[in-house]
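One file, model_38.txt, carrying compact mmCIF, C-alpha atoms:
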# COMPACT_ATOMS: atom_id res chain seq x y z
CA MET A 1 90.97 86.44 132.72
CA SER A 2 91.88 88.18 135.97
CA SER A 3 94.65 90.63 136.67
CA ALA A 4 95.96 88.24 139.25
CA ASN A 5 96.76 85.78 136.54
CA ASN A 6 98.29 88.32 134.20
CA PRO A 7 100.12 91.34 135.63
CA THR A 8 100.02 93.14 132.30
CA LEU A 9 96.29 93.63 132.78
CA LYS A 10 97.15 96.01 135.64
CA LEU A 11 98.62 98.40 133.12
CA LYS A 12 96.68 101.52 132.27
CA ALA A 13 96.91 103.18 128.88
CA ASP A 14 97.77 106.64 130.26
CA TRP A 15 99.05 109.60 128.25
CA THR A 16 102.66 108.41 128.46
CA ALA A 17 101.72 105.17 126.70
CA TRP A 18 99.89 107.06 123.96
CA TRP A 19 102.81 109.48 123.57
CA ALA A 20 105.24 106.57 123.20
CA LEU A 21 102.90 105.13 120.57
CA ALA A 22 102.83 108.48 118.74
CA VAL A 23 106.64 108.64 118.64
CA LEU A 24 106.89 105.06 117.35
CA CYS A 25 104.25 105.82 114.71
CA PHE A 26 106.26 108.84 113.60
CA PHE A 27 109.35 106.67 113.18
CA TYR A 28 107.33 104.12 111.20
CA VAL A 29 106.06 106.84 108.86
CA MET A 30 109.66 107.97 108.40
CA SER A 31 110.75 104.45 107.54
CA PHE A 32 108.18 104.12 104.78
CA LEU A 33 109.01 107.57 103.46
CA ASP A 34 112.64 106.48 103.14
CA ARG A 35 111.59 103.23 101.44
CA TYR A 36 109.25 104.69 98.84
CA LEU A 37 111.32 107.74 97.90
CA LEU A 38 113.69 105.55 95.92
CA THR A 39 110.84 104.16 93.81
CA MET A 40 110.00 107.73 92.71
CA LEU A 41 113.60 108.55 91.77
CA VAL A 42 114.37 105.56 89.55
CA GLU A 43 114.53 107.42 86.24
CA PRO A 44 116.78 110.35 87.29
CA ILE A 45 119.11 107.95 89.10
CA GLN A 46 119.35 105.70 86.06
CA ALA A 47 120.00 108.67 83.79
CA ASP A 48 122.71 110.03 86.07
CA ILE A 49 124.74 106.97 87.09
CA GLY A 50 123.72 104.41 84.47
CA ILE A 51 121.93 101.75 86.53
CA SER A 52 120.03 99.13 84.52
CA ASP A 53 116.49 97.95 85.28
CA PHE A 54 117.82 94.63 86.56
CA GLN A 55 120.28 96.36 88.90
CA MET A 56 117.58 98.72 90.13
CA GLY A 57 115.27 95.76 90.75
CA LEU A 58 117.88 94.18 93.00
CA ILE A 59 118.33 97.46 94.87
CA LEU A 60 114.59 97.99 95.34
CA GLY A 61 113.92 94.41 96.48
CA PRO A 62 116.55 92.03 97.88
CA ALA A 63 119.10 94.70 98.87
CA PHE A 64 116.55 96.08 101.31
CA GLY A 65 114.12 93.25 102.05
CA VAL A 66 116.55 90.37 102.47
CA THR A 67 118.88 92.52 104.56
CA LEU A 68 115.99 93.46 106.84
CA GLY A 69 115.07 89.80 107.21
CA VAL A 70 118.61 88.58 107.88
CA CYS A 71 119.35 91.31 110.44
CA ALA A 72 116.05 90.96 112.30
CA LEU A 73 116.94 87.85 114.33
CA PRO A 74 120.26 89.00 115.86
CA LEU A 75 118.75 92.41 116.51
CA GLY A 76 115.78 90.72 118.21
CA TRP A 77 118.24 89.07 120.62
CA ILE A 78 119.68 92.50 121.44
CA ILE A 79 116.21 93.99 121.92
CA ASP A 80 115.31 91.28 124.45
CA ARG A 81 118.39 92.07 126.56
CA TYR A 82 119.19 95.76 126.29
CA SER A 83 117.41 99.12 126.33
CA ARG A 84 114.82 99.23 123.58
CA ARG A 85 114.89 103.04 123.48
CA ARG A 86 118.62 103.07 122.79
CA THR A 87 118.38 100.40 120.11
CA ILE A 88 115.59 102.36 118.38
CA PHE A 89 117.68 105.54 118.62
CA LEU A 90 120.61 103.80 116.96
CA GLY A 91 118.40 102.15 114.33
CA VAL A 92 116.54 105.32 113.31
CA GLY A 93 119.74 107.35 113.26
CA PHE A 94 121.57 104.69 111.23
CA TRP A 95 118.93 104.24 108.55
CA SER A 96 118.43 108.04 108.27
CA ILE A 97 122.14 108.60 107.71
CA ALA A 98 122.12 105.73 105.20
CA THR A 99 119.21 107.41 103.40
CA ALA A 100 121.23 110.61 103.12
CA ALA A 101 124.23 108.56 101.96
CA SER A 102 122.09 107.19 99.12
CA GLY A 103 122.40 110.66 97.63
CA LEU A 104 126.17 110.25 97.36
CA ALA A 105 126.02 107.07 95.29
CA LYS A 106 127.95 107.09 92.02
CA SER A 107 127.33 103.45 91.06
CA ALA A 108 124.88 100.58 91.47
CA LEU A 109 127.16 99.03 94.09
CA ALA A 110 127.29 102.22 96.14
CA LEU A 111 123.53 102.75 96.01
CA GLY A 112 122.89 99.09 96.81
CA SER A 113 125.24 99.29 99.79
CA ALA A 114 123.39 102.33 101.12
CA ARG A 115 120.05 100.52 100.80
CA VAL A 116 121.50 97.50 102.63
CA CYS A 117 122.31 99.86 105.51
CA VAL A 118 118.78 101.29 105.39
CA GLY A 119 117.36 97.77 105.65
CA ALA A 120 119.66 96.90 108.56
CA GLY A 121 118.60 100.01 110.48
CA GLU A 122 114.89 99.51 109.85
CA ALA A 123 115.13 95.90 111.05
CA ILE A 124 115.32 97.27 114.60
CA LEU A 125 112.10 99.28 114.68
CA GLY A 126 109.40 96.61 114.28
CA PRO A 127 110.53 94.12 116.95
CA ALA A 128 111.53 96.87 119.39
CA ALA A 129 108.23 98.72 118.95
CA ALA A 130 106.23 95.51 119.49
CA SER A 131 108.16 94.77 122.68
CA LEU A 132 107.72 98.30 124.02
CA LEU A 133 104.00 98.49 123.28
CA ALA A 134 103.40 95.13 124.98
CA ASP A 135 104.86 96.63 128.17
CA LYS A 136 103.02 99.95 127.79
CA PHE A 137 99.44 98.81 127.10
CA PRO A 138 97.13 96.33 128.86
CA ARG A 139 96.22 93.24 126.88
CA GLU A 140 92.67 94.40 126.23
CA ARG A 141 94.01 97.54 124.48
CA LEU A 142 97.13 96.06 122.91
CA THR A 143 95.77 95.12 119.47
CA THR A 144 94.24 98.59 119.06
CA ALA A 145 97.60 100.18 119.92
CA MET A 146 99.40 97.90 117.48
CA ALA A 147 96.75 98.59 114.83
CA ILE A 148 97.44 102.31 115.13
CA TYR A 149 101.16 101.60 114.85
CA GLN A 150 100.73 99.36 111.79
CA ALA A 151 98.40 101.94 110.22
CA SER A 152 101.40 104.27 110.15
CA ASN A 153 102.86 102.33 107.23
CA LYS A 154 99.82 103.34 105.17
CA ILE A 155 100.28 106.95 106.23
CA GLY A 156 103.97 106.62 105.41
CA SER A 157 103.31 105.34 101.89
CA ALA A 158 100.73 108.08 101.30
CA THR A 159 103.20 110.66 102.65
CA ALA A 160 105.92 109.33 100.36
CA PHE A 161 103.77 109.80 97.28
CA GLY A 162 102.61 113.25 98.38
CA LEU A 163 105.67 114.75 100.09
CA GLY A 164 108.10 112.92 97.83
CA GLY A 165 106.46 114.34 94.74
CA LEU A 166 106.44 117.80 96.28
CA LEU A 167 110.14 117.62 97.17
CA ILE A 168 111.05 116.35 93.72
CA GLY A 169 109.10 119.22 92.17
CA LEU A 170 110.58 121.89 94.46
CA LEU A 171 114.15 120.68 94.02
CA SER A 172 113.89 120.12 90.29
CA GLY A 173 116.43 122.31 88.58
CA VAL A 174 117.90 123.42 91.91
CA SER A 175 121.57 122.87 92.73
CA LEU A 176 122.11 122.33 96.47
CA ALA A 177 125.62 123.22 97.63
CA VAL A 178 126.89 121.11 100.53
CA PRO A 179 130.28 121.78 102.17
CA LEU A 180 132.92 119.17 101.23
CA LEU A 181 130.45 117.49 98.86
CA GLY A 182 129.90 120.23 96.30
CA ASP A 183 126.71 120.70 94.30
CA LEU A 184 124.06 118.00 94.57
CA LYS A 185 121.63 117.10 91.81
CA PRO A 186 117.89 117.18 92.60
CA TRP A 187 117.59 113.43 93.27
CA GLN A 188 120.62 113.57 95.55
CA ALA A 189 119.21 116.57 97.40
CA VAL A 190 115.93 114.75 98.07
CA PHE A 191 117.75 112.02 99.98
CA PHE A 192 119.61 114.61 102.06
CA VAL A 193 116.50 116.67 102.81
CA VAL A 194 114.73 113.56 104.13
CA GLY A 195 117.65 111.72 105.74
CA ILE A 196 119.36 114.40 107.86
CA PRO A 197 116.20 115.56 109.73
CA GLY A 198 115.39 111.90 110.37
CA ALA A 199 118.68 111.41 112.17
CA LEU A 200 117.89 114.36 114.44
CA ALA A 201 114.33 113.14 115.03
CA SER A 202 115.70 109.89 116.47
CA LEU A 203 116.22 111.80 119.74
CA LEU A 204 112.43 111.78 120.25
CA VAL A 205 112.70 108.24 121.59
CA PHE A 206 114.13 109.69 124.81
CA THR A 207 110.97 111.71 125.50
CA PHE A 208 109.33 108.69 127.13
CA ALA A 209 110.58 106.25 129.75
CA GLU A 210 111.76 102.71 129.15
CA PRO A 211 108.96 100.56 130.63
CA PRO A 212 109.74 97.66 132.97
CA ARG A 213 109.67 94.29 131.24
CA LEU A 214 106.45 92.56 132.30
CA GLY A 215 105.61 88.90 131.86
CA ARG A 216 109.03 87.45 132.56
CA ARG A 217 108.93 83.76 133.45
CA SER A 218 112.26 83.58 135.24
CA ALA A 219 114.37 85.91 137.35
CA THR A 220 117.54 84.65 135.66
CA PRO A 221 118.56 85.32 132.04
CA PRO A 222 117.41 82.58 129.64
CA LYS A 223 119.94 79.92 128.75
CA PRO A 224 121.40 79.71 125.24
CA GLY A 225 119.03 77.95 122.87
CA TYR A 226 115.90 79.04 124.73
CA LEU A 227 114.40 80.43 121.50
CA PHE A 228 114.77 77.13 119.64
CA GLU A 229 113.51 75.17 122.64
CA TYR A 230 110.42 77.39 122.79
CA LEU A 231 109.77 77.02 119.05
CA ARG A 232 110.15 73.23 119.26
CA THR A 233 107.87 72.92 122.30
CA HIS A 234 105.17 75.06 120.66
CA ARG A 235 105.64 73.84 117.07
CA ARG A 236 101.92 72.97 116.71
CA LEU A 237 101.26 76.69 117.09
CA MET A 238 104.36 78.29 115.62
CA ILE A 239 104.58 76.42 112.31
CA PRO A 240 101.03 77.09 111.07
CA MET A 241 101.00 80.61 112.51
CA TYR A 242 104.31 81.75 111.00
CA VAL A 243 103.67 80.04 107.65
CA GLY A 244 100.04 81.18 107.48
CA PHE A 245 100.82 84.84 108.14
CA SER A 246 103.82 84.72 105.76
CA LEU A 247 101.66 83.38 102.91
CA ILE A 248 99.18 86.21 103.34
CA ALA A 249 102.04 88.71 103.58
CA LEU A 250 103.48 87.31 100.34
CA CYS A 251 100.20 88.17 98.64
CA GLY A 252 100.20 91.64 100.20
CA TYR A 253 103.72 92.50 99.05
CA ALA A 254 102.91 91.25 95.55
CA LEU A 255 99.89 93.54 95.40
CA THR A 256 101.86 96.54 96.64
CA ALA A 257 104.62 95.98 94.10
CA TRP A 258 102.54 95.24 91.00
CA VAL A 259 99.16 96.98 91.28
CA PRO A 260 100.54 100.30 89.93
CA THR A 261 101.85 98.45 86.88
CA PHE A 262 98.55 96.57 86.54
CA VAL A 263 96.63 99.86 86.61
CA ALA A 264 98.89 101.36 83.95
CA ARG A 265 98.62 98.34 81.64
CA ARG A 266 94.97 97.49 82.20
CA TYR A 267 93.43 100.97 82.31
CA GLY A 268 96.07 103.10 80.58
CA LEU A 269 96.54 105.46 83.53
CA ASP A 270 99.86 107.17 84.26
CA PRO A 271 101.39 107.81 87.72
CA ILE A 272 100.08 111.37 87.88
CA GLN A 273 96.55 110.00 87.53
CA TYR A 274 96.69 106.94 89.77
CA GLY A 275 99.21 108.14 92.40
CA PRO A 276 96.79 110.35 94.39
CA ILE A 277 94.11 107.67 94.19
CA LEU A 278 96.43 105.03 95.65
CA SER A 279 97.34 107.50 98.42
CA VAL A 280 93.66 107.84 99.34
CA VAL A 281 93.24 104.05 99.19
CA SER A 282 96.20 103.67 101.59
CA LEU A 283 94.64 106.11 104.06
CA PHE A 284 91.34 104.22 103.88
CA ALA A 285 93.18 101.00 104.69
CA ALA A 286 94.82 102.71 107.67
CA GLY A 287 91.45 103.70 109.11
CA ALA A 288 90.05 100.21 108.57
CA LEU A 289 93.04 98.75 110.35
CA VAL A 290 92.36 100.70 113.54
CA LEU A 291 88.71 99.61 113.47
CA LYS A 292 89.68 95.95 113.09
CA GLY A 293 92.15 96.26 115.97
CA SER A 294 89.32 97.47 118.19
CA ILE A 295 87.16 94.49 117.17
CA VAL A 296 89.96 92.07 118.07
CA ASP A 297 90.38 93.73 121.48
CA TRP A 298 86.62 93.44 122.02
CA LEU A 299 86.80 89.71 121.32
CA TYR A 300 89.86 89.27 123.55
CA ALA A 301 88.22 91.07 126.45
CA ARG A 302 85.39 88.51 126.20
CA GLY A 303 87.70 85.56 126.63
CA ARG A 304 88.79 84.77 123.06
CA THR A 305 92.55 84.57 123.63
CA ASP A 306 92.87 83.44 120.00
CA ALA A 307 91.02 86.56 118.81
CA ASN A 308 93.72 87.68 116.37
CA LEU A 309 93.75 84.33 114.57
CA LEU A 310 89.98 83.89 114.71
CA PHE A 311 89.14 87.31 113.31
CA TYR A 312 91.85 87.54 110.68
CA SER A 313 91.31 84.03 109.29
CA TRP A 314 87.62 84.73 108.70
CA VAL A 315 88.36 88.13 107.12
CA VAL A 316 90.88 86.58 104.73
CA PHE A 317 88.55 83.69 103.85
CA ALA A 318 85.73 86.13 103.13
CA SER A 319 87.88 88.38 100.92
CA THR A 320 89.45 85.60 98.83
CA PRO A 321 86.74 85.73 96.10
CA ILE A 322 87.27 89.49 95.90
CA SER A 323 91.01 89.02 95.38
CA VAL A 324 90.42 86.50 92.59
CA LEU A 325 87.87 88.58 90.67
CA ALA A 326 89.18 92.12 91.29
CA PHE A 327 91.72 92.04 88.45
CA PHE A 328 89.07 91.35 85.84
CA ILE A 329 86.98 94.45 86.64
CA PRO A 330 86.69 96.58 83.48
CA ASN A 331 86.09 99.93 85.22
CA PRO A 332 89.13 101.55 86.92
CA TRP A 333 87.11 103.40 89.56
CA LEU A 334 85.32 100.24 90.62
CA PHE A 335 88.68 98.49 90.74
CA PHE A 336 90.14 101.15 93.04
CA ALA A 337 87.18 100.76 95.39
CA VAL A 338 87.51 96.97 95.48
CA TYR A 339 91.30 97.21 95.80
CA GLY A 340 90.86 99.45 98.83
CA VAL A 341 88.95 96.65 100.54
CA LEU A 342 91.52 94.07 99.48
CA LEU A 343 94.42 96.26 100.63
CA ALA A 344 92.80 96.76 104.02
CA VAL A 345 92.62 92.96 104.43
CA THR A 346 95.95 91.66 103.19
CA ILE A 347 98.65 94.22 103.95
CA PRO A 348 98.38 94.60 107.75
CA SER A 349 98.88 90.90 108.58
CA MET A 350 101.86 91.84 110.76
CA LEU A 351 99.43 93.50 113.17
CA TYR A 352 97.78 90.18 114.05
CA MET A 353 101.09 88.32 114.07
CA ALA A 354 102.83 90.80 116.38
CA ALA A 355 99.82 91.11 118.67
CA SER A 356 99.54 87.31 118.97
CA LEU A 357 103.21 87.03 119.87
CA ALA A 358 102.98 89.86 122.40
CA ILE A 359 100.12 88.07 124.15
CA LEU A 360 101.66 84.61 124.37
CA ALA A 361 105.44 85.03 124.24
CA PRO A 362 107.62 85.25 127.34
CA ASN A 363 109.14 88.72 127.67
CA GLU A 364 112.60 87.17 127.33
CA LEU A 365 111.75 86.09 123.76
CA ARG A 366 109.30 88.73 122.61
CA GLY A 367 111.80 90.65 120.50
CA GLN A 368 113.29 87.52 118.93
CA LEU A 369 109.94 85.92 118.07
CA THR A 370 108.72 89.17 116.51
CA ALA A 371 112.05 89.52 114.69
CA LEU A 372 111.57 86.01 113.26
CA ALA A 373 108.24 87.15 111.82
CA TYR A 374 109.89 90.19 110.25
CA ALA A 375 112.63 87.94 108.87
CA LEU A 376 110.11 85.68 107.17
CA TYR A 377 108.18 88.67 105.88
CA GLY A 378 111.34 90.21 104.46
CA VAL A 379 112.73 87.06 102.83
CA LEU A 380 109.51 85.29 101.76
CA GLY A 381 107.04 88.15 101.48
CA LEU A 382 109.08 91.02 100.08
CA GLY A 383 111.70 88.83 98.43
CA LEU A 384 109.44 86.18 96.87
CA GLY A 385 105.98 87.74 96.41
CA PRO A 386 106.78 90.32 93.69
CA THR A 387 109.14 87.85 91.99
CA LEU A 388 106.44 85.19 91.66
CA VAL A 389 104.08 87.62 89.92
CA GLY A 390 106.77 88.53 87.39
CA ALA A 391 107.61 84.87 86.82
CA LEU A 392 103.95 83.91 86.28
CA THR A 393 103.48 86.78 83.83
CA ASP A 394 106.63 86.00 81.80
CA PHE A 395 106.84 82.22 81.92
CA VAL A 396 103.28 80.96 82.48
CA PHE A 397 101.03 83.46 80.69
CA GLY A 398 103.72 84.91 78.43
CA ASP A 399 101.89 88.20 78.07
CA ALA A 400 102.66 91.43 79.93
CA GLY A 401 99.02 92.43 79.58
CA ARG A 402 97.98 89.46 81.73
CA ILE A 403 99.68 90.63 84.90
CA GLY A 404 96.22 90.75 86.49
CA TRP A 405 95.88 87.01 85.85
CA SER A 406 99.14 86.46 87.73
CA LEU A 407 97.96 88.51 90.71
CA SER A 408 94.62 86.71 90.74
CA LEU A 409 96.25 83.28 90.60
CA LEU A 410 98.68 84.11 93.39
CA CYS A 411 95.94 85.47 95.68
CA SER A 412 93.68 82.47 94.96
CA PHE A 413 96.33 80.19 96.49
CA THR A 414 98.10 82.16 99.22
CA MET A 415 95.08 83.72 100.91
CA PRO A 416 92.91 80.60 101.54
CA CYS A 417 95.96 78.48 102.40
CA GLY A 418 97.18 81.11 104.84
CA ALA A 419 93.77 81.45 106.46
CA TRP A 420 93.41 77.66 106.78
CA LEU A 421 96.77 77.45 108.57
CA LEU A 422 95.69 80.19 110.99
CA ARG A 423 92.59 78.15 111.81
CA LEU A 424 94.85 75.19 112.64
CA ALA A 425 96.80 77.40 115.03
CA MET A 426 93.78 78.59 117.04
CA LYS A 427 93.55 75.75 119.58
CA PRO A 428 97.33 75.67 120.23
CA MET A 429 97.15 79.45 120.64
CA ARG A 430 94.54 79.19 123.39
CA GLU A 431 96.59 76.51 125.14
CA ALA A 432 99.81 78.55 124.87
CA VAL A 433 98.18 81.68 126.32
CA ALA A 434 96.79 79.70 129.25
CA GLU A 435 100.23 78.21 129.87
CA SER A 436 101.84 81.66 129.67
CA GLU A 437 99.44 83.10 132.23
CA ARG A 438 100.11 80.22 134.63
CA GLN A 439 103.87 80.62 134.37
CA VAL A 440 103.75 84.39 134.81
CA ALA A 441 101.47 84.02 137.83
CA ASP A 442 103.81 81.42 139.37
CA HIS A 443 106.82 83.68 138.83
CA ALA A 444 104.99 86.72 140.26
CA GLY A 445 103.96 84.68 143.30
The structure given in the file should be rewritten as structure tokens.
Amino acid sequence: MSSANNPTLKLKADWTAWWALAVLCFFYVMSFLDRYLLTMLVEPIQADIGISDFQMGLILGPAFGVTLGVCALPLGWIIDRYSRRRTIFLGVGFWSIATAASGLAKSALALGSARVCVGAGEAILGPAAASLLADKFPRERLTTAMAIYQASNKIGSATAFGLGGLLIGLLSGVSLAVPLLGDLKPWQAVFFVVGIPGALASLLVFTFAEPPRLGRRSATPPKPGYLFEYLRTHRRLMIPMYVGFSLIALCGYALTAWVPTFVARRYGLDPIQYGPILSVVSLFAAGALVLKGSIVDWLYARGRTDANLLFYSWVVFASTPISVLAFFIPNPWLFFAVYGVLLAVTIPSMLYMAASLAILAPNELRGQLTALAYALYGVLGLGLGPTLVGALTDFVFGDAGRIGWSLSLLCSFTMPCGAWLLRLAMKPMREAVAESERQVADHAG
């Protein structure tokens, strides 16, 4: 693969690229801090404004996840046409203000509305970051860069458990007086302490330059319907790739949502005992993610343009037996060790999806195609994955103590099916990358 055929290979990962990556990682950590804080404040919120478990479930899941999925596609269109730095600035600022506004909620409707706004703001970051990184890093370093970015969600979740618990402890029993708003209760103050600095931090996006858009296939703006035409033309690749990654993501979201409950029911541990352990497990998964990104880049540099699909499909196939048997382990410490391996495999599937799209997609569609992936992840993964586990536990096994059986059954289906679909997409992926390089070279010439 020569630089003549692909102008993005002329890029050099200089300090400005790494600084842009650091800023984007910081925003991603912030987004997960905002997401997970609410899960730690359920009880005081319920006690204060009378929200039921069912209402809180809707706020924690669909209010955020479905909104993120629905907003991703139109925002992807904007990202492909306008300044990505400015859209990120608006998105980070908007979701941070919405996080602070969560502290003003006096009802389930008000809190749900605030979380809808958080989801809408966060829908910008993923597609915009993927588009920016693809124009900042050469192809042979791109998956490593995206691995570091995706690892930030693990750091964000670990930070949420650590910093969130610290803030809740420090603000417990403290009345925070805010002009025009009066005294805020501790749970309200937590949202303000996190949200307001986040809005100010959004200015960091202007500390690096907007990169030129590389890999365009036409000098003129794409005609309406170009996205659907591209998806139809490349359906042999897009259908198995999108569905395969979404199935694996569904499993990952189910694990994230229900493993704490499984640990409490199976091993009798409370959040104070298992919280720090899950934070360490998340950090381990983050480190493994960066290592795997480097392996994919090594394969790509040696001519495997389908490296993301090749590597990830084999990793998922190999870990399927672990996912099926993990929830029957009698020792909690052995379970945490095995779960760390499983978490490192399943959760970061967006890395391989986004990196694959960045390699093959025309620049004019990069944001929209990545946004489509986030939409499917939000609606199918976050919206359906946790729900299926609850349904299996209640209606199939009929025993709350068998939640591990539900997780095992779900993983035994979604992981091998997802990996098999990724294998089907490998040949079309190689053909699509070759076509992309030809078209970019023709346009550059």
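Nearest to A:Val280 of all the residues A:Lys154, A:Arg402, A:Arg81, A:Arg139 is A:Lys154, based on only C-alpha atoms.
Reported to one decimal place, the separation of atom CA of A:Pro332 from atom CA of A:Val263 is 7.7 Å.
Residue neighbourhood of A:Trp18, excluding near-sequence residues (fewer than 6 positions): Lys12, Leu24, Cys25, Leu132, Leu133, Lys136, Phe137, Arg141, Leu142, Thr144, Ala145, Met146, Ile148, Tyr149 and Phe208 of chain A, at 12 Å, using only C-alpha atoms.
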Counting only C-alpha atoms, what is within 12 Å of A:Thr207, bar same-chain residues fewer than 3 positions away, as a PDB file with C-alpha atoms, keeping the file's coordinate frame?
ATOM      1  CA  THR A  16     102.660 108.410 128.460  1.00  0.00           C
ATOM      2  CA  ALA A  17     101.720 105.170 126.700  1.00  0.00           C
ATOM      3  CA  TRP A  19     102.810 109.480 123.570  1.00  0.00           C
ATOM      4  CA  ALA A  20     105.240 106.570 123.200  1.00  0.00           C
ATOM      5  CA  LEU A  21     102.900 105.130 120.570  1.00  0.00           C
ATOM      6  CA  ALA A  22     102.830 108.480 118.740  1.00  0.00           C
ATOM      7  CA  VAL A  23     106.640 108.640 118.640  1.00  0.00           C
ATOM      8  CA  LEU A  24     106.890 105.060 117.350  1.00  0.00           C
ATOM      9  CA  ARG A  85     114.890 103.040 123.480  1.00  0.00           C
ATOM     10  CA  ARG A  86     118.620 103.070 122.790  1.00  0.00           C
ATOM     11  CA  PHE A  89     117.680 105.540 118.620  1.00  0.00           C
ATOM     12  CA  ALA A 201     114.330 113.140 115.030  1.00  0.00           C
ATOM     13  CA  SER A 202     115.700 109.890 116.470  1.00  0.00           C
ATOM     14  CA  LEU A 203     116.220 111.800 119.740  1.00  0.00           C
ATOM     15  CA  LEU A 204     112.430 111.780 120.250  1.00  0.00           C
ATOM     16  CA  GLU A 210     111.760 102.710 129.150  1.00  0.00           C
TER      17      GLU A 210
END
Exercise. Any idea what's packed within 9 Å of A:Ala98, counting all atoms listed in the file, ignoring anything in its chain fewer than 3 positions away? Could you give it as a PyMOL selection string?
Worked result: chain A and resi 93-95+101-102+113-118+121+195
For this session: Would you kindly identify which residues have an atom no farther than 12 Å from (101.6, 96.2, 109.4), using only C-alpha atoms and the file's own coordinates, and write them out as a PyMOL selection string?
Result: chain A and resi 25+28-29+32+126-127+129-130+143+145-157+245+248-249+252-253+285-286+289-290+293+343-355+373-374+377
For this session: Work out how far apart atom CA of A:Gln439 and atom CA of A:Leu214 are and give it in Å to one decimal.
Result: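 It comes out at 12.4 Å.
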Return the padded bounding box of stretch 140-148 of chain A as AutoDock Vina command-line options: axis-aligned, built from all atoms listed in the file, 4 Å added on each side, with centre and edge lengths in Å to one decimal.
--center_x 96.0 --center_y 98.4 --center_z 120.5 --size_x 14.7 --size_y 15.9 --size_z 19.4
Problem set entry | Residue nearest A:Asp48 - candidates A:Leu357, A:Val341, A:Leu184, A:Met30, atoms counted: only C-alpha atoms |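 Looking only at the distances to A:Asp48, the closest residue turns out to be A:Leu184.
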For this session: Could you tell me which of A:Leu334, A:Ala72, A:Ala318, A:Ala160 comes closest to A:Thr39 if we count all atoms listed in the file?
Result: A:Ala160
Problem set entry | Distance of atom CA of A:Tyr242 from atom CA of A:Asn363, expressed in Å to one decimal place |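 Distance reported for this atom pair: 18.7 Å.
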For this session: Please provide the set of residues having any atom within 6 Å of A:Glu364, restricted to all atoms listed in the file, with same-chain residues fewer than 2 positions apart removed, written as a list in words.
Result: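 In the requested format, the answer is Asp80, Pro362 and Arg366 of chain A.
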Writing out the chosen residues with C-alpha atoms as a CSV table (one decimal), in the coordinates of the input:
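The result, stored in selection_29.csv:
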chain,number,residue,atom,x,y,z
A,80,ASP,CA,115.3,91.3,124.4
A,362,PRO,CA,107.6,85.2,127.3
A,366,ARG,CA,109.3,88.7,122.6
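Distances to A:Ile359 were evaluated for A:Pro138, A:Gly119, A:Gly61, A:Pro321 using only C-alpha atoms, and the minimum falls at A:Pro138.
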For this session: Point out the residue among A:Leu109, A:Tyr274, A:Arg84, A:Thr256 with the least atom-to-atom distance to A:Tyr36, counting all atoms listed in the file.
Result: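 Closest to A:Tyr36 of all the choices is A:Thr256.
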